[in-house]
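> Right, I'll just put the structure down here and ask away after.
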Amino acid sequence: MEDFFVLYTASDAINLVYKIIGKTLSLLSDNFLNDNEKQKQIALNFKEFYRYSIKKKIYTENEVNVCFENFNWNFISDSDLNELKEQFLKNCLITTNENLFLEHTYVVEELNKIYDIALENTFVIDKELIDWEKTIKIIEYRFLAWIHAKNLKQDKDLKEKLVYIMTNLNNNEENSYYSKYNILIESLKEFKKFIYDYDNGTIAPTPENTKHYQRAKISINGLEFMKENKLESYVNYDEIMSQLQKLPDNSELWDFEFCLELNIRIFFANILSNIITSQTTSVWGAKAEMIRSNGGWNIKRDKEIFRNIYIALTQSKEKIGNLISMSSKRLNRNRIYLLKILLNKYKNKIGDELYNQIILDSYFDQIDKLIKYHEAGISDSLLSHPNEILDGFNIKLADALLDFENMTRICDALIELDSTLISESKGDLLKTIEFIKKISDIEHF
């Protein structure tokens with residue numbers, strides 16, 4: 001039983017922090033001071049919204065704004081929501097010059113995030129409700145995932161990689177890219193002829209012919225990304241290879257926009273190779289339909305999130321810094337740091353010595369360690385050895401930090417975990433722990 005209690009304590013510590021953040025944000029607003037029930041609802045909503053923002057890996061101010069629109073707010077009016085948004089932006093954002101796209105971990109997180117978005121879009125029944133200009137299409141995600149998987153950085157090795165990718169498409173003579181390309185071209189010719197004959201009355205509008213006619217038009221219209229390029233040329237193997245061979249060996253000398261377009265051409269050649277087989281009698285299939293029905297084939301080159309991830313995956317750090325400009329406002333994702341800032345603002349607003357700063361900082365530093373152990377996945381070893389001291393942090397003692405029914409136990413554990421607190425008075429210790437208990441009680445104001 002003790003093993004499971006340790007895991008519960010870590011989870012409870014995280015919840016404690018979220019409750020304090022939610023309640024303090026509610027208390028900092030002057031608009032709801034005379035309505036305790038409203039304060040409670042706002043605290044609960046703030047708590048869950050911040051938790052949701054962390055879970056969804058929200059970073060930028062723009063993402064916070066979008067998140068506000070998409071979050072399921074409970075018992076909050078539109079006018080109240082404006083106040084909540086103002087409070088959150090004022091208190092929970094930090095200013096930094098850091099460019100997150102220089103960090104590979106962040107870029108991969110963003111790539112995973114847009115995969116989730118693209119996947120969620122596939123479950124929307126009425127696709128007309130989706131604004132494809134503001135979200136991610138499957139084809140856009142797949143292109144970026146392909147760039148990442150192939151490690152297609154615009155460096156001295158890119159040309160060789162692209163030549164290798166194209167060459168591999170023609171390795172199998174019986175099922176070569178040429179044969180697949182010809183199937184595509186012939187299929188599209190048949191579609192165009194069928195549409196022409198149907199429109200001119202040569203083909204009778206029977207139910208079966210009408211269904212084929214509609215599918216043929218969808219197939220032709222789906223290739224909107226070819227508006228300025230003839231399809232026959234855009235994915236032609238010999239033309240792509242000829243262009244590649246003429247380029248400087250070092251792709252760092254290539255124009256950025258040109259390189260992006262070339263990558264997209266080669267990506268579509270790969271898509272074509274994957275979708276069509278030598279036995280295919282039509283370009284229709286499950287893979288093609290999945291792309292067509294979820295935003296189509298048109299990759300929006302200027303879509304901000306698409307472009308930023310592409311830049312981060314393909315460019316040098318210097319070019320990333322030059323090509324991507326980020327808002328200096330970011331969500332404060334350091335929960336303990338945010339909590340301390342909010343409590344200090346509340347303390348200044350009340351104008352009273354609500355707690356001892358040294359004791360409060362020490363308490364939440366210990367809570368922070370407990371949370372970090374939990375989130376780092378060390379819980380398995382903790383369950384096996386609950387009495388061990390890991391990296392100087394006594395996990396078993398940490399259990400006592402959340403026992404608000406026994407203030408003395410918390411004080412004793414805190415002093416044992418941080419010996420510098422031995423000089424603090426018992427009164428200050430109890431006062432600070434009592435304050436933490438009260439500020440974490442989200443049910444009462």
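Letters A, B, ... go to the chains of the structure tokens in the order shown; residues in each chain start at 1; ligands are counted from 1 in the same order.
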Please report, as JSON lines, each residue of stretch 143-245 of chain A lying at most 6 Å from stretch 250-255 of chain A, together with the nearest pair of atoms and the separation in Å rounded to one decimal; use only C-alpha atoms, and order rows by chain and ascending residue number.

{"residue": "A:Gln154", "atom": "CA", "partner": "A:Ser251", "partner_atom": "CA", "distance": 5.6}
{"residue": "A:Asp155", "atom": "CA", "partner": "A:Glu252", "partner_atom": "CA", "distance": 5.1}
{"residue": "A:Lys156", "atom": "CA", "partner": "A:Asn250", "partner_atom": "CA", "distance": 4.2}
> Considering only C-alpha atoms, return as an NGL selection string whatever protein or nucleic-acid residues lie within 10 Å of A:Ile311, sequence-local ones (same chain, fewer than 2 positions apart) excluded.
:A and (101 or 153-154 or 256 or 260 or 305-309 or 313-317 or 319-321 or 323-324)
> Would you please give, as a ChimeraX atom specification, all residues of stretch 51-198 of chain A that DSSP assigns to helix (DSSP H, G or I) based on the backbone?
/A:51-55,61-70,78-92,100-102,104-122,127-129,138-150,158-168,173-175,177-198
> Nearest residue to A:Glu61 out of A:Glu173, A:Thr202, A:Asn322, A:Ile94, using only C-alpha atoms?
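Of the candidates, the smallest distance to A:Glu61 is held by A:Ile94.
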> Taking only C-alpha atoms into account, name the residue in A:Asp249, A:Ser26, A:Asp199, A:Ala43 that is nearest to A:Asp157.
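The closest residue to A:Asp157 is A:Asp249.
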